[in-house]
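This report refers to the structure that appears directly beneath it.
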Amino acid sequence: MIRIVSMLFVLMAALSPLSAFAQTGPLRIEITEGVVEPMPYAVPDFVAETADAQQYAAQIARVVAEDLTGTGLFREIPQDAHIARVSSFAAPVSFPDWKAINAQALITGSVGSDGNGRLVVKFRVWDVFAQAELGQGMQFVSTPDGWRRLAHKVADQVYARITGETPYFDSRVVFVSETGPKDQRQKQLAIMDYDGANLQYLTGTASLVLAPRFSPDGSRVLYTSYESGQPRVHVLSVGTVESRILQANTGVMSFAPRFSPDGQTVVYSMTQGSNTDIFAMNIATGAISQLTSAPSIETAPSYSPDGSRIVFESDRSGTQQLYVMPASGGEAVRISFGQGRYGTPVWSPRGDMIAFTKQNAGRFHIGVMRTDGSEERLLTASFLDEGPSWAPNGRVLMFARETQGAQGASALYSVDISGRNLKRVRTPAGASDPSWGPLQ
Amino acid sequence: MTRGTQISAVIHGLLALWVLFGAAFRSDPPEMTVADVTILSEEEFAALTAPQSQPSQPAPPRPEARPEPPPPTPAPEPTPAPQPPTPPEPQPAPQPQPEPPPAEVQDTVPQPPAPEAPPPVQAPDVSARPMPRPAPRVAPEAVAPPPPEATIDTEVQQAADPDAQSPDTAETQQEQTAPQEAATEIVTEAERPASAPTSSLRPKARPPAPQQVVQPAPEQPATPPQPTPQPEAPAPTETAAVPRDDVAAALAEALAGGSSPSADPGPPLTVGEREGLRLAVQECWVVDVGSQAANVTVTLAFNMAPNGTVEGDVRLLDASGGDGAAVETAFQAARRALLRCQQGGYQLPSDKYEQWKRIEMTFNPAQMRLR
């Protein structure tokens, strides 16, 4: 044994100076901290290939830029700072010119016509520093009145190729449009593009409407109407703008409806006597099942994306908190334990988060938490924030914010789930109760 | 009387005499203090008693740490008749430490001063946590907002000095730029401070320092440095003294391989050089903290040219934490950071090129994910 140890000692002593200088492989570096800032990109005006496409070439490029910059993840480099000029969609890209202005991504495109009066939009996305194209070139065709959708489609593709996530620009929002003073406010359902364009009204102002909710395919809208004097759940076809009462029982109040992920079931709250519970109704058969039976108030149900669970709010513990239960009913597990009251939970389309409204210390917040209640983060704070709704990709939340005072008005806002990029959504009048529809 | 009795009587008699007149019961007289006594007159005694009111030896240090205010200056006494000028007394030699002021002599051991009770803290013990400042950019290091007239750039440049002498290049006026404002973390609207903190913790008084008594250090005899005892080499045994042939062969092989000049990559990169490369790349690594790609860790492999630029393709060596789209996005972001920040080449020591010719760089966003 002593002999072996002695031999090893001699070997180690002889080799130790060499090992200090030995190169055993490549240099290994670990980067653990980066920066969070918008990515600079450039989008020159699209090239007009025909005379009638001239008026759309610049407009489409502007909408693409507004979509990307509006996410807070991108920063457009102004066109007057561009060095290179794109005169042809097929021309090679002068990468040094775009590198010189620190553009990390470049979007080139053209607008033409297919000979039948329809617009044809082609585009490419370039990684400037890698001097390579991101994905492949693509084209969309539409009638001229759909040029904004064409632009949203292009922006969706750019967003997806750069971020690797599903986009949300070509989507719509249904909400309650509000006009008039607070004590005589008139409310009607309205639908618009996610950025506030192409506004349309779905109902009149004769009766009060609340809490519209898109179906998963965007073809229908559930909402609560006081048309009959009591709150009742209605379903409206977006295409025909026809609505009907979903539940024919009289003498009961039903509200807070929401579709299941497959669109076949509606879950809602119904008040019988003085008790409010959650029910589910199969739309095709009209079969109703009661999911909760507690003496407390259970409301605001929302399905998980896989349809297996439902998150809802309840005051069964004495204060308004969030609970999760199986979609078929059963034992509910409380997930919110912070200070204050929690309400209007909405499950993220990604399935990993739950958005909610929180009231604490006289202020309202929009926040998110994991589905088990952990990692709660408050994203906003104001006199009154409520009713969050997820973007189709689960990345952005839209909600209603009301200002204080007799002249206070309600408006729609959106915020990234990181808490950044809080901004107001453009609406012609007051707005509340947004419901973000699916990607079209 | 026998002879023995006579001898005994004589001895006892001598003993008795020694006891009586010898030293057995004689005690030493007490030592007496002898002092010189001088007979003084009353005038001489009065003249001597005045200076004797001061202590003849230095008083122990006063317990109070704070020096007392100087004694009031005595009122000038009426000047007597002019006296002949007294010859200047020799100035005492400067003392390293002034004598402490006179104090009453106490026959008890001076106690250290009791520590003063700290003043009551009137401010609350809890102050509002300073909130981070929201900024459009989140970076490892915070940057204060630049003045509004400053030009923001990714690379900070100093203003060109028109007086600077350049040997052969024409001066081009360069605009001064400022770094982009940055915060160290994302601050949501809910986390923004509504106002400045209303109160903060008042710093508590420091406890009085213990009084130091200078004790003369005992003189240490100068000891000559002892030689460090060296461990005794083990007695050579037969095993160690005679290495086996295989050990000698392995040693010779290792020595032969290491001495080859073609395989010697030179000294490794220092920690500073590695950190410099890491910091240079991370400044360009843009992480979308809300995306699925923020869960993906990717490792890139690439070769470097001697001028510090990336040479050839950047390959994805490994990835974990996400699906295909998230991995591809994370890879693109990492590659973009690597290529964007190299500019004219990373600052790496050219004499150690063999050490950084091949690099594997891992981009791990774990610390940046939303929490």
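Ordering of the structure tokens sets the chain letters (A, B, ...), residue numbers begin anew at 1 in every chain, and ligands are numbered from 1 in the order given.
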
Taking only residues of chain A that have an atom at most 6 Å from an atom of chain B, what is each one's shortest atom pair and its distance in Å to one decimal, using only C-alpha atoms, in chain and number order, as a Markdown table?
| residue | atom | partner | partner_atom | distance |
| --- | --- | --- | --- | --- |
| A:Phe21 | CA | B:Pro267 | CA | 5.4 |
| A:Pro26 | CA | B:Arg358 | CA | 4.7 |
| A:Leu27 | CA | B:Ile359 | CA | 4.6 |
| A:Arg28 | CA | B:Glu360 | CA | 4.8 |
| A:Ile29 | CA | B:Met361 | CA | 4.8 |
| A:Glu30 | CA | B:Thr362 | CA | 4.6 |
| A:Ile31 | CA | B:Phe363 | CA | 4.8 |
| A:Thr32 | CA | B:Asn364 | CA | 4.9 |
| A:Gly34 | CA | B:Trp285 | CA | 4.8 |
| A:Val35 | CA | B:Ala139 | CA | 4.5 |
| A:Val36 | CA | B:Val138 | CA | 4.7 |
| A:Glu37 | CA | B:Arg137 | CA | 4.8 |
| A:Thr163 | CA | B:Thr329 | CA | 5.9 |
| A:Gly164 | CA | B:Ala325 | CA | 5.1 |
| A:Leu378 | CA | B:Ala190 | CA | 5.8 |
| A:Leu379 | CA | B:Thr188 | CA | 5.3 |
| A:Thr380 | CA | B:Ala190 | CA | 4.6 |
| A:Ala381 | CA | B:Ala190 | CA | 4.6 |
| A:Ser418 | CA | B:Gly290 | CA | 5.6 |
| A:Gly419 | CA | B:Thr188 | CA | 4.6 |

Would you save the residues from that selection as a PDB file, in the first residue's frame, using N, CA and C atoms?
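The new file out03.pdb reads:
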ATOM      1  N   PHE A  21      -1.350  24.087 -17.128  1.00  0.00           N
ATOM      2  CA  PHE A  21      -1.303  24.697 -18.453  1.00  0.00           C
ATOM      3  C   PHE A  21      -2.036  23.875 -19.498  1.00  0.00           C
ATOM      4  N   PRO A  26     -12.561  23.131 -25.228  1.00  0.00           N
ATOM      5  CA  PRO A  26     -12.853  24.533 -25.543  1.00  0.00           C
ATOM      6  C   PRO A  26     -13.063  25.356 -24.276  1.00  0.00           C
ATOM      7  N   LEU A  27     -12.918  26.637 -24.439  1.00  0.00           N
ATOM      8  CA  LEU A  27     -13.181  27.551 -23.327  1.00  0.00           C
ATOM      9  C   LEU A  27     -14.684  27.559 -23.062  1.00  0.00           C
ATOM     10  N   ARG A  28     -15.045  27.399 -21.807  1.00  0.00           N
ATOM     11  CA  ARG A  28     -16.471  27.327 -21.452  1.00  0.00           C
ATOM     12  C   ARG A  28     -16.853  28.556 -20.635  1.00  0.00           C
ATOM     13  N   ILE A  29     -17.874  29.236 -21.111  1.00  0.00           N
ATOM     14  CA  ILE A  29     -18.363  30.452 -20.461  1.00  0.00           C
ATOM     15  C   ILE A  29     -19.858  30.287 -20.231  1.00  0.00           C
ATOM     16  N   GLU A  30     -20.335  30.738 -19.100  1.00  0.00           N
ATOM     17  CA  GLU A  30     -21.779  30.708 -18.830  1.00  0.00           C
ATOM     18  C   GLU A  30     -22.286  32.131 -18.627  1.00  0.00           C
ATOM     19  N   ILE A  31     -23.323  32.461 -19.390  1.00  0.00           N
ATOM     20  CA  ILE A  31     -23.959  33.773 -19.283  1.00  0.00           C
ATOM     21  C   ILE A  31     -25.258  33.579 -18.505  1.00  0.00           C
ATOM     22  N   THR A  32     -25.409  34.278 -17.426  1.00  0.00           N
ATOM     23  CA  THR A  32     -26.612  34.114 -16.603  1.00  0.00           C
ATOM     24  C   THR A  32     -27.443  35.383 -16.510  1.00  0.00           C
ATOM     25  N   GLY A  34     -28.835  38.813 -18.689  1.00  0.00           N
ATOM     26  CA  GLY A  34     -28.940  39.566 -19.923  1.00  0.00           C
ATOM     27  C   GLY A  34     -29.655  40.878 -19.661  1.00  0.00           C
ATOM     28  N   VAL A  35     -30.228  41.418 -20.690  1.00  0.00           N
ATOM     29  CA  VAL A  35     -30.971  42.665 -20.555  1.00  0.00           C
ATOM     30  C   VAL A  35     -32.394  42.442 -21.053  1.00  0.00           C
ATOM     31  N   VAL A  36     -33.295  43.234 -20.522  1.00  0.00           N
ATOM     32  CA  VAL A  36     -34.683  43.212 -20.963  1.00  0.00           C
ATOM     33  C   VAL A  36     -34.952  44.547 -21.625  1.00  0.00           C
ATOM     34  N   GLU A  37     -35.015  44.524 -22.910  1.00  0.00           N
ATOM     35  CA  GLU A  37     -35.244  45.761 -23.652  1.00  0.00           C
ATOM     36  C   GLU A  37     -35.838  45.399 -24.998  1.00  0.00           C
ATOM     37  N   THR A 163     -40.166  35.604 -31.808  1.00  0.00           N
ATOM     38  CA  THR A 163     -40.343  35.234 -30.396  1.00  0.00           C
ATOM     39  C   THR A 163     -40.565  33.747 -30.191  1.00  0.00           C
ATOM     40  N   GLY A 164     -40.939  33.034 -31.250  1.00  0.00           N
ATOM     41  CA  GLY A 164     -41.221  31.613 -31.094  1.00  0.00           C
ATOM     42  C   GLY A 164     -42.560  31.337 -30.438  1.00  0.00           C
ATOM     43  N   LEU A 378     -48.682  41.092  -8.817  1.00  0.00           N
ATOM     44  CA  LEU A 378     -49.650  42.123  -9.159  1.00  0.00           C
ATOM     45  C   LEU A 378     -49.061  42.972 -10.279  1.00  0.00           C
ATOM     46  N   LEU A 379     -49.845  43.163 -11.326  1.00  0.00           N
ATOM     47  CA  LEU A 379     -49.335  43.861 -12.503  1.00  0.00           C
ATOM     48  C   LEU A 379     -49.777  45.313 -12.559  1.00  0.00           C
ATOM     49  N   THR A 380     -50.919  45.616 -11.984  1.00  0.00           N
ATOM     50  CA  THR A 380     -51.434  46.985 -12.059  1.00  0.00           C
ATOM     51  C   THR A 380     -51.930  47.420 -10.688  1.00  0.00           C
ATOM     52  N   ALA A 381     -52.224  48.687 -10.567  1.00  0.00           N
ATOM     53  CA  ALA A 381     -52.801  49.242  -9.347  1.00  0.00           C
ATOM     54  C   ALA A 381     -53.519  50.524  -9.710  1.00  0.00           C
ATOM     55  N   SER A 418     -45.428  40.330 -17.854  1.00  0.00           N
ATOM     56  CA  SER A 418     -44.261  40.716 -17.071  1.00  0.00           C
ATOM     57  C   SER A 418     -44.515  41.987 -16.275  1.00  0.00           C
ATOM     58  N   GLY A 419     -45.662  42.634 -16.514  1.00  0.00           N
ATOM     59  CA  GLY A 419     -45.964  43.895 -15.844  1.00  0.00           C
ATOM     60  C   GLY A 419     -45.521  45.101 -16.648  1.00  0.00           C
TER      61      GLY A 419
END

Spatial neighbours of Met253 (chain A), max dist 7 Å, only C-alpha atoms, sep filter under 4 positions, as a compact mmCIF listing (two decimals) with all heavy atoms, in the first residue's frame:
# COMPACT_ATOMS: atom_id res chain seq x y z
N GLN A 230 -84.50 40.73 -15.31
CA GLN A 230 -83.57 40.00 -14.46
C GLN A 230 -82.34 39.64 -15.28
O GLN A 230 -82.43 39.50 -16.50
CB GLN A 230 -84.22 38.71 -13.93
CG GLN A 230 -85.20 38.92 -12.80
CD GLN A 230 -85.65 37.61 -12.23
OE1 GLN A 230 -85.80 36.63 -12.97
NE2 GLN A 230 -85.88 37.56 -10.93
N PRO A 231 -81.25 39.48 -14.63
CA PRO A 231 -80.06 39.07 -15.39
C PRO A 231 -80.22 37.66 -15.94
O PRO A 231 -80.49 36.71 -15.19
CB PRO A 231 -78.93 39.16 -14.36
CG PRO A 231 -79.60 39.05 -13.03
CD PRO A 231 -80.94 39.68 -13.19
N ARG A 232 -80.07 37.53 -17.23
CA ARG A 232 -80.20 36.22 -17.88
C ARG A 232 -79.07 36.08 -18.90
O ARG A 232 -78.65 37.03 -19.55
CB ARG A 232 -81.55 36.10 -18.61
CG ARG A 232 -82.76 36.39 -17.76
CD ARG A 232 -83.01 35.25 -16.76
NE ARG A 232 -83.36 34.04 -17.46
CZ ARG A 232 -84.63 33.73 -17.83
NH1 ARG A 232 -85.61 34.58 -17.57
NH2 ARG A 232 -84.91 32.61 -18.45
N MET A 270 -75.88 30.71 -11.09
CA MET A 270 -77.33 30.88 -11.04
C MET A 270 -77.74 31.06 -9.59
O MET A 270 -77.27 30.33 -8.71
CB MET A 270 -78.04 29.67 -11.65
CG MET A 270 -79.55 29.89 -11.81
SD MET A 270 -80.25 28.71 -12.99
CE MET A 270 -79.99 27.17 -12.15
N THR A 271 -78.60 32.05 -9.37
CA THR A 271 -79.07 32.33 -8.02
C THR A 271 -80.48 31.76 -7.85
O THR A 271 -81.39 32.10 -8.61
CB THR A 271 -79.09 33.84 -7.76
OG1 THR A 271 -77.77 34.34 -7.89
CG2 THR A 271 -79.60 34.14 -6.36

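Note that the spacing between CA of Trp390 (chain A) and CA of Ser225 (chain A) amounts to 22.9 Å.
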
- prompt: What lies within 10 Å of Thr240 (chain A) using only C-alpha atoms, ignoring chain neighbours under 3 positions off, as a ChimeraX atom specification?
  reply: /A:202,219-220,236-237,243

Output C-alpha atoms for every residue in the selection just made, as a compact mmCIF listing (two decimals), in the first residue's frame.
# COMPACT_ATOMS: atom_id res chain seq x y z
CA LEU A 202 -73.80 44.04 -31.55
CA SER A 219 -68.36 32.77 -33.74
CA ARG A 220 -70.58 33.28 -30.68
CA LEU A 236 -75.29 35.82 -29.71
CA SER A 237 -74.09 34.79 -33.12
CA SER A 243 -79.23 36.38 -29.82
